[in-house]
file model-v7.csv (CSV, C-alpha atoms and all ligand atoms)
chain,number,residue,atom,x,y,z
R,1,MET,CA,-14.4,-3.2,-13.8
R,2,ALA,CA,-11.5,-0.7,-14.0
R,3,THR,CA,-8.1,-1.8,-15.4
R,4,HIS,CA,-6.1,1.2,-14.3
R,5,LYS,CA,-5.1,3.2,-11.1
R,6,ILE,CA,-8.1,4.4,-9.3
R,7,SER,CA,-9.0,8.0,-10.0
R,8,ASP,CA,-10.8,10.5,-7.7
R,9,GLY,CA,-14.3,9.4,-6.8
R,10,GLU,CA,-14.1,6.0,-8.5
R,11,VAL,CA,-13.6,4.2,-5.2
R,12,PHE,CA,-14.7,5.4,-1.8
R,13,LEU,CA,-14.3,4.0,1.6
R,14,ARG,CA,-17.0,3.7,4.3
R,15,ASN,CA,-18.0,1.5,7.3
R,16,ALA,CA,-19.3,-1.9,6.4
R,17,ARG,CA,-23.1,-2.3,6.7
R,18,GLY,CA,-25.1,-5.0,8.4
R,19,ASP,CA,-26.5,-6.2,5.0
R,20,GLU,CA,-22.9,-6.9,3.7
R,21,PHE,CA,-22.1,-10.2,5.4
R,22,ALA,CA,-22.1,-12.1,2.1
R,23,VAL,CA,-19.5,-9.9,0.4
R,24,TYR,CA,-17.5,-9.8,3.6
R,25,ALA,CA,-17.4,-13.6,3.7
R,26,SER,CA,-16.5,-13.7,0.1
R,27,LEU,CA,-13.5,-11.4,0.6
R,28,VAL,CA,-12.4,-13.2,3.7
R,29,ALA,CA,-12.5,-16.5,1.6
R,30,GLU,CA,-10.2,-14.9,-1.0
R,31,ALA,CA,-7.6,-14.2,1.8
R,32,ASP,CA,-8.1,-17.6,3.4
R,33,ALA,CA,-7.6,-19.4,0.1
R,34,LEU,CA,-4.4,-17.6,-0.5
R,35,HIS,CA,-3.1,-18.4,3.0
R,36,HIS,CA,-4.2,-22.0,2.8
R,37,GLY,CA,-2.4,-22.4,-0.5
R,38,HIS,CA,0.9,-21.4,1.2
R,39,VAL,CA,0.5,-22.6,4.8
R,40,PRO,CA,-2.0,-25.5,4.6
R,41,SER,CA,-0.7,-26.9,7.9
R,42,LEU,CA,-1.8,-23.7,9.7
R,43,ILE,CA,-4.7,-22.3,7.7
R,44,LYS,CA,-7.8,-24.2,6.8
R,45,PRO,CA,-9.3,-24.2,3.2
R,46,ALA,CA,-11.8,-21.4,2.8
R,47,ASP,CA,-14.8,-23.7,2.7
R,48,ARG,CA,-13.9,-24.9,6.3
R,49,ALA,CA,-13.1,-21.4,7.6
R,50,GLN,CA,-16.3,-19.5,7.0
R,51,PRO,CA,-16.8,-16.5,9.3
R,52,ALA,CA,-19.9,-16.6,11.6
R,53,GLU,CA,-22.5,-13.9,10.8
R,54,SER,CA,-22.8,-13.2,14.6
R,55,ASP,CA,-19.1,-12.3,14.8
R,56,PHE,CA,-19.6,-10.0,11.8
R,57,PHE,CA,-22.4,-8.2,13.5
R,58,ALA,CA,-20.5,-8.1,16.8
R,59,THR,CA,-17.6,-6.5,15.0
R,60,LEU,CA,-19.8,-3.8,13.5
R,61,ARG,CA,-21.2,-2.9,17.0
R,62,ASP,CA,-17.8,-2.9,18.8
R,63,PRO,CA,-16.3,0.6,19.1
R,64,THR,CA,-12.9,-0.9,19.6
R,65,ARG,CA,-13.0,-2.5,16.2
R,66,MET,CA,-13.2,-1.1,12.7
R,67,LEU,CA,-14.5,-2.9,9.6
R,68,ASP,CA,-14.5,-0.6,6.5
R,69,VAL,CA,-15.1,-1.4,2.8
R,70,ALA,CA,-13.8,0.0,-0.4
R,71,VAL,CA,-16.7,0.6,-2.8
R,72,LEU,CA,-16.2,0.9,-6.6
R,73,GLU,CA,-18.7,3.0,-8.5
R,74,THR,CA,-19.8,1.1,-11.6
R,75,GLU,CA,-22.5,1.8,-14.2
R,76,ALA,CA,-24.5,-1.0,-12.6
R,77,GLY,CA,-24.2,0.6,-9.2
R,78,PRO,CA,-21.7,0.5,-6.3
R,79,VAL,CA,-19.7,-2.7,-5.7
R,80,VAL,CA,-17.7,-3.6,-2.6
R,81,VAL,CA,-14.2,-4.6,-3.8
R,82,GLY,CA,-12.1,-4.6,-0.6
R,83,LEU,CA,-12.1,-4.4,3.1
R,84,ILE,CA,-10.0,-3.7,6.1
R,85,GLN,CA,-10.5,-4.9,9.6
R,86,THR,CA,-8.7,-3.4,12.5
R,87,SER,CA,-8.9,-3.6,16.3
R,88,LEU,CA,-7.7,-1.5,19.2
R,89,ILE,CA,-5.5,-3.3,21.8
R,90,ILE,CA,-4.9,-1.4,25.1
R,91,ARG,CA,-2.0,-2.9,27.0
R,92,ASP,CA,-1.2,-2.1,30.6
R,93,GLU,CA,2.4,-1.6,31.7
R,94,GLY,CA,4.1,-4.9,32.2
R,95,ARG,CA,7.4,-5.9,33.8
R,96,ALA,CA,9.4,-4.9,30.8
R,97,HIS,CA,6.8,-3.4,28.5
R,98,GLU,CA,5.5,0.1,28.5
R,99,ALA,CA,1.8,0.8,28.6
R,100,ASN,CA,0.7,1.0,25.0
R,101,THR,CA,-2.4,1.5,22.8
R,102,VAL,CA,-2.0,-0.3,19.5
R,103,ALA,CA,-4.3,-0.5,16.5
R,104,ARG,CA,-3.9,-3.9,14.8
R,105,VAL,CA,-4.8,-4.6,11.2
R,106,GLU,CA,-6.3,-8.1,11.3
R,107,LEU,CA,-7.2,-8.3,7.6
R,108,VAL,CA,-6.9,-6.3,4.5
R,109,VAL,CA,-8.1,-7.8,1.2
R,110,VAL,CA,-8.9,-6.4,-2.2
R,111,THR,CA,-10.8,-8.7,-4.7
R,112,GLU,CA,-8.4,-10.2,-7.2
R,113,THR,CA,-9.7,-8.4,-10.3
R,114,MET,CA,-9.3,-5.0,-8.6
R,115,ARG,CA,-5.8,-5.4,-7.2
R,116,ARG,CA,-2.8,-3.2,-8.0
R,117,ARG,CA,-4.9,-0.1,-8.5
R,118,GLY,CA,-4.1,1.6,-5.2
R,119,ILE,CA,-7.1,0.3,-3.2
R,120,GLY,CA,-5.0,-1.6,-0.7
R,121,ARG,CA,-3.1,1.6,0.1
R,122,MET,CA,-6.3,3.6,0.5
R,123,LEU,CA,-7.5,0.9,3.0
R,124,ILE,CA,-4.3,1.1,5.0
R,125,ALA,CA,-4.5,4.9,5.1
R,126,ARG,CA,-8.0,4.5,6.4
R,127,ALA,CA,-6.9,2.2,9.2
R,128,LYS,CA,-4.2,4.8,10.1
R,129,GLN,CA,-6.8,7.6,10.3
R,130,TRP,CA,-8.9,5.4,12.6
R,131,ALA,CA,-5.9,4.5,14.8
R,132,LEU,CA,-5.0,8.1,15.2
R,133,ALA,CA,-8.6,9.1,16.0
R,134,ASN,CA,-8.6,6.4,18.7
R,135,ARG,CA,-5.3,7.6,20.2
R,136,ALA,CA,-3.3,4.6,19.2
R,137,ASN,CA,0.5,5.0,19.6
R,138,SER,CA,1.1,2.6,16.7
R,139,LEU,CA,-0.4,0.7,13.9
R,140,ILE,CA,0.7,-2.9,13.6
R,141,LEU,CA,0.0,-6.1,11.6
R,142,ASP,CA,1.4,-9.6,11.1
R,143,SER,CA,2.2,-10.9,7.7
R,144,TYR,CA,3.3,-14.4,6.5
R,145,ALA,CA,6.8,-14.5,5.0
R,146,PHE,CA,5.4,-15.9,1.7
R,147,ASN,CA,3.3,-12.8,1.1
R,148,ILE,CA,5.7,-10.6,-0.7
R,149,VAL,CA,2.9,-8.6,-2.4
R,150,ALA,CA,1.5,-7.6,1.0
R,151,ALA,CA,5.0,-6.8,2.3
R,152,ARG,CA,5.5,-4.4,-0.6
R,153,LEU,CA,2.1,-2.7,0.2
R,154,TYR,CA,3.1,-2.4,3.9
R,155,GLN,CA,6.5,-0.9,3.1
R,156,LYS,CA,5.0,1.6,0.6
R,157,ALA,CA,2.4,2.5,3.3
R,158,GLY,CA,5.1,3.4,5.8
R,159,PHE,CA,5.4,0.3,8.0
R,160,ASP,CA,8.8,-0.8,9.3
R,161,LEU,CA,9.6,-4.5,10.2
R,162,LEU,CA,9.4,-4.9,14.0
R,163,LYS,CA,10.0,-8.6,14.6
R,164,LYS,CA,10.2,-12.0,12.9
R,165,THR,CA,8.6,-15.3,13.9
R,166,TYR,CA,10.7,-18.4,13.4
R,167,THR,CA,9.1,-21.8,13.0
R,168,GLN,CA,10.0,-25.4,12.1
R,169,ASP,CA,7.6,-28.2,11.3
R,170,LEU,CA,7.9,-31.1,13.8
R,171,ARG,CA,5.4,-33.5,12.3
L,201,LIG,C1,-2.2,-7.3,-0.4
L,201,LIG,C2,-3.4,-6.6,-1.1
L,201,LIG,C3,-4.4,-6.2,-0.1
L,201,LIG,C4,-2.9,-5.3,-1.8
L,201,LIG,O1,-4.0,-4.6,-2.3
L,201,LIG,P1,-3.8,-3.8,-3.7
L,201,LIG,O2,-5.1,-2.9,-3.8
L,201,LIG,O3,-3.5,-4.7,-4.8
L,201,LIG,O4,-2.6,-2.8,-3.3
L,201,LIG,P2,-2.2,-1.5,-4.0
L,201,LIG,O5,-2.6,-1.4,-5.4
L,201,LIG,O6,-2.6,-0.3,-3.1
L,201,LIG,O7,-0.6,-1.6,-4.0
L,201,LIG,C5,0.2,-0.8,-3.2
L,201,LIG,C6,1.7,-1.2,-3.5
L,201,LIG,O8,1.9,-2.6,-3.1
L,201,LIG,C7,2.8,-3.2,-4.0
L,201,LIG,N1,2.0,-4.3,-4.8
L,201,LIG,C8,0.7,-4.5,-4.8
L,201,LIG,N2,0.5,-5.6,-5.6
L,201,LIG,C9,1.7,-6.0,-6.1
L,201,LIG,C10,2.0,-7.1,-6.9
L,201,LIG,N3,1.1,-7.9,-7.4
L,201,LIG,N4,3.3,-7.2,-7.2
L,201,LIG,C11,4.3,-6.4,-6.6
L,201,LIG,N5,4.0,-5.4,-5.8
L,201,LIG,C12,2.7,-5.2,-5.5
L,201,LIG,C13,3.2,-2.1,-4.9
L,201,LIG,O9,4.4,-1.6,-4.4
L,201,LIG,C14,2.1,-1.2,-4.9
L,201,LIG,O10,2.4,0.1,-5.3
L,201,LIG,P3,2.5,0.5,-6.8
L,201,LIG,O11,1.4,-0.1,-7.5
L,201,LIG,O12,2.5,2.0,-6.8
L,201,LIG,O13,3.8,-0.1,-7.3
L,201,LIG,C15,-4.0,-7.5,-2.2
L,201,LIG,O14,-3.0,-8.0,-3.0
L,201,LIG,C16,-4.8,-8.7,-1.6
L,201,LIG,O15,-5.9,-8.6,-1.3
L,201,LIG,N6,-4.1,-9.9,-1.5
L,201,LIG,C17,-4.8,-11.0,-0.9
L,201,LIG,C18,-5.1,-10.9,0.6
L,201,LIG,C19,-3.8,-10.6,1.4
L,201,LIG,O16,-2.7,-11.1,1.1
L,201,LIG,N7,-4.0,-9.7,2.3
L,201,LIG,C20,-2.9,-9.4,3.2
L,201,LIG,C21,-2.7,-10.4,4.4
L,201,LIG,S1,-4.2,-10.5,5.4

call {"tool": "encode", "arguments": {"input": "model-v7.csv", "output": "structure tokens", "more": "lines below"}}
Ligand SMILES: CC(C)(COP(=O)(O)OP(=O)(O)OC[C@H]1O[C@@H](n2cnc3c(N)ncnc32)[C@H](O)[C@@H]1OP(=O)(O)O)[C@@H](O)C(=O)NCCC(=O)NCCS
result
Amino acid sequence: MATHKISDGEVFLRNARGDEFAVYASLVAEADALHHGHVPSLIKPADRAQPAESDFFATLRDPTRMLDVAVLETEAGPVVVGLIQTSLIIRDEGRAHEANTVARVELVVVTETMRRRGIGRMLIARAKQWALANRANSLILDSYAFNIVAARLYQKAGFDLLKKTYTQDLR
């Protein structure tokens, strides 16, 4: 595995394939484990939050959703090291809200050993390209307040903070 910033051609992005459910589930589990560690009252441990294979296939078939992977070229062959999942939300005009087409990043994750090499930024740029190609007016995502690493990535990738969610535990 590389231990430096990614150089040209070392990592490429492409659509996820139908035979990649196992690596998809493993990357989702990395993100779930992190979230469960910080907000266990909201997010289940990874072993109780496994994605359904049918949902994975449905996502691959759905033109309003995008699931792309980052692939590292190694001597042993290509290895999937990250993913980004994004969906298109078309909102009609409401009482106060303008009509809007929004692309929402649902999940971005890079496997732990490959972080801080620029892959997260590549994945976000890919979602932005997809959003533009699908005529979205904006690219949005939600992020937990604990996730300072993700917040830095989003700031560097050009996101502004739009709103905050306040909560208090009542149990
Ligand atoms: C968030 C995540 C996707 C970032 O991926 P990454 O490939 O490591 O990100 P990049 O290398 O492209 O980093 C881009 C910028 O983010 C910031 N950043 C990334 N990792 C950081 C860290 N550990 N500490 C501080 N800043 C960090 C830096 O500003 C970095 O730019 P720089 O290296 O030029 O300073 C990755 O940490 C991850 O998978 N985390 C677990 C899952 C998760 O939290 N996903 C987001 C919520 S769903």

call {"tool": "atom_distance", "arguments": {"input": "model-v7.csv", "atom1": "atom O12 of ligand LIG 201 (chain L)", "atom2": "CA of Met114 in chain R"}}
result
13.8 Å

call {"tool": "residues_near_point", "arguments": {"input": "model-v7.csv", "point": "(6.2, -19.6, 12.8)", "cutoff": "12 Å", "atoms": "all atoms listed in the file", "output": "list in words"}}
result
Val39, Ser41, Leu42, Asp142, Ser143, Tyr144, Ala145, Phe146, Lys163, Lys164, Thr165, Tyr166, Thr167, Gln168, Asp169 and Leu170 of chain R

call {"tool": "write_last_selection", "arguments": {"input": "model-v7.csv", "atoms": "C-alpha atoms", "output": "PDB file, keeping the file's coordinate frame"}}
result
ATOM      1  CA  VAL R  39       0.500 -22.600   4.800  1.00  0.00           C
ATOM      2  CA  SER R  41      -0.700 -26.900   7.900  1.00  0.00           C
ATOM      3  CA  LEU R  42      -1.800 -23.700   9.700  1.00  0.00           C
ATOM      4  CA  ASP R 142       1.400  -9.600  11.100  1.00  0.00           C
ATOM      5  CA  SER R 143       2.200 -10.900   7.700  1.00  0.00           C
ATOM      6  CA  TYR R 144       3.300 -14.400   6.500  1.00  0.00           C
ATOM      7  CA  ALA R 145       6.800 -14.500   5.000  1.00  0.00           C
ATOM      8  CA  PHE R 146       5.400 -15.900   1.700  1.00  0.00           C
ATOM      9  CA  LYS R 163      10.000  -8.600  14.600  1.00  0.00           C
ATOM     10  CA  LYS R 164      10.200 -12.000  12.900  1.00  0.00           C
ATOM     11  CA  THR R 165       8.600 -15.300  13.900  1.00  0.00           C
ATOM     12  CA  TYR R 166      10.700 -18.400  13.400  1.00  0.00           C
ATOM     13  CA  THR R 167       9.100 -21.800  13.000  1.00  0.00           C
ATOM     14  CA  GLN R 168      10.000 -25.400  12.100  1.00  0.00           C
ATOM     15  CA  ASP R 169       7.600 -28.200  11.300  1.00  0.00           C
ATOM     16  CA  LEU R 170       7.900 -31.100  13.800  1.00  0.00           C
TER      17      LEU R 170
END

call {"tool": "residues_around", "arguments": {"input": "model-v7.csv", "residues": "Leu107 in chain R", "least_positions_apart": "5", "cutoff": "8 Å", "atoms": "all atoms listed in the file", "output": "list in words"}}
result
Leu83, Ile84, Gln85 and Thr86 of chain R

call {"tool": "closest_atom_pairs", "arguments": {"input": "model-v7.csv", "of": "chain R", "to": "ligand LIG 201 (chain L)", "cutoff": "8 Å", "atoms": "only C-alpha atoms and all ligand atoms", "output": "CSV"}}
result
residue,atom,partner,partner_atom,distance
R:Lys5,CA,L:LIG201,O5,7.7
R:Glu30,CA,L:LIG201,C17,6.7
R:Ala31,CA,L:LIG201,C18,4.3
R:Asp32,CA,L:LIG201,C18,7.9
R:Leu34,CA,L:LIG201,C17,6.6
R:His35,CA,L:LIG201,O16,7.6
R:Gly82,CA,L:LIG201,O15,7.4
R:Glu106,CA,L:LIG201,S1,6.7
R:Leu107,CA,L:LIG201,S1,4.3
R:Val108,CA,L:LIG201,N7,5.0
R:Val109,CA,L:LIG201,O15,3.4
R:Val110,CA,L:LIG201,O15,3.8
R:Thr111,CA,L:LIG201,O15,6.0
R:Glu112,CA,L:LIG201,O15,6.6
R:Met114,CA,L:LIG201,O2,6.7
R:Arg115,CA,L:LIG201,O3,3.4
R:Arg116,CA,L:LIG201,O5,3.2
R:Arg117,CA,L:LIG201,O5,4.1
R:Gly118,CA,L:LIG201,O6,3.2
R:Ile119,CA,L:LIG201,O2,3.8
R:Gly120,CA,L:LIG201,O2,3.4
R:Arg121,CA,L:LIG201,O6,3.8
R:Met122,CA,L:LIG201,O6,6.5
R:Leu123,CA,L:LIG201,O6,7.9
R:Asp142,CA,L:LIG201,C21,7.9
R:Ser143,CA,L:LIG201,C21,5.9
R:Tyr144,CA,L:LIG201,C21,7.5
R:Asn147,CA,L:LIG201,O16,6.2
R:Ile148,CA,L:LIG201,C11,7.4
R:Val149,CA,L:LIG201,C12,4.6
R:Ala150,CA,L:LIG201,C1,4.0
R:Ala151,CA,L:LIG201,O8,7.5
R:Arg152,CA,L:LIG201,C7,4.5
R:Leu153,CA,L:LIG201,O8,3.3
R:Tyr154,CA,L:LIG201,O8,7.1
R:Gln155,CA,L:LIG201,O9,7.8
R:Lys156,CA,L:LIG201,C6,6.0
R:Ala157,CA,L:LIG201,C5,7.6

call {"tool": "closest_residue", "arguments": {"input": "model-v7.csv", "among": "R:Ala76, R:Met66, R:Leu60, R:Val81", "to": "Ser26 in chain R", "atoms": "all atoms listed in the file"}}
result
R:Val81

call {"tool": "atom_distance", "arguments": {"input": "model-v7.csv", "atom1": "CA of Glu75 in chain R", "atom2": "CA of Ser7 in chain R"}}
result
15.4 Å

call {"tool": "residues_around", "arguments": {"input": "model-v7.csv", "residues": "Arg135 in chain R", "least_positions_apart": "6", "cutoff": "9 Å", "atoms": "only C-alpha atoms", "output": "count of residues only"}}
result
3

call {"tool": "closest_residue", "arguments": {"input": "model-v7.csv", "among": "R:Arg171, R:Arg61, R:His97, R:Arg48", "to": "Ala29 in chain R", "atoms": "all atoms listed in the file"}}
result
R:Arg48

call {"tool": "residues_around", "arguments": {"input": "model-v7.csv", "residues": "Ala136 in chain R", "least_positions_apart": "4", "cutoff": "12 Å", "atoms": "all atoms listed in the file", "output": "list of chain:residue names"}}
result
R:Thr64, R:Thr86, R:Ser87, R:Leu88, R:Ile89, R:Ile90, R:Arg91, R:Ala99, R:Asn100, R:Thr101, R:Val102, R:Ala103, R:Arg104, R:Ala127, R:Lys128, R:Gln129, R:Trp130, R:Ala131, R:Leu132, R:Ile140

call {"tool": "atom_distance", "arguments": {"input": "model-v7.csv", "atom1": "CA of Ala46 in chain R", "atom2": "CA of Ile124 in chain R"}}
result
23.8 Å

call {"tool": "closest_residue", "arguments": {"input": "model-v7.csv", "among": "R:Pro78, R:Ala33, R:Ser54, R:Leu139", "to": "Asp160 in chain R", "atoms": "only C-alpha atoms"}}
result
R:Leu139

call {"tool": "closest_residue", "arguments": {"input": "model-v7.csv", "among": "R:Ala58, R:Gly37, R:Val80, R:Glu98", "to": "Asn137 in chain R", "atoms": "only C-alpha atoms"}}
result
R:Glu98

call {"tool": "residues_around", "arguments": {"input": "model-v7.csv", "residues": "Leu72 in chain R", "least_positions_apart": "4", "cutoff": "9 Å", "atoms": "only C-alpha atoms", "output": "list of chain:residue names"}}
result
R:Met1, R:Ala2, R:Gly9, R:Glu10, R:Val11, R:Phe12, R:Leu13, R:Gly77, R:Pro78, R:Val79, R:Val80, R:Val81
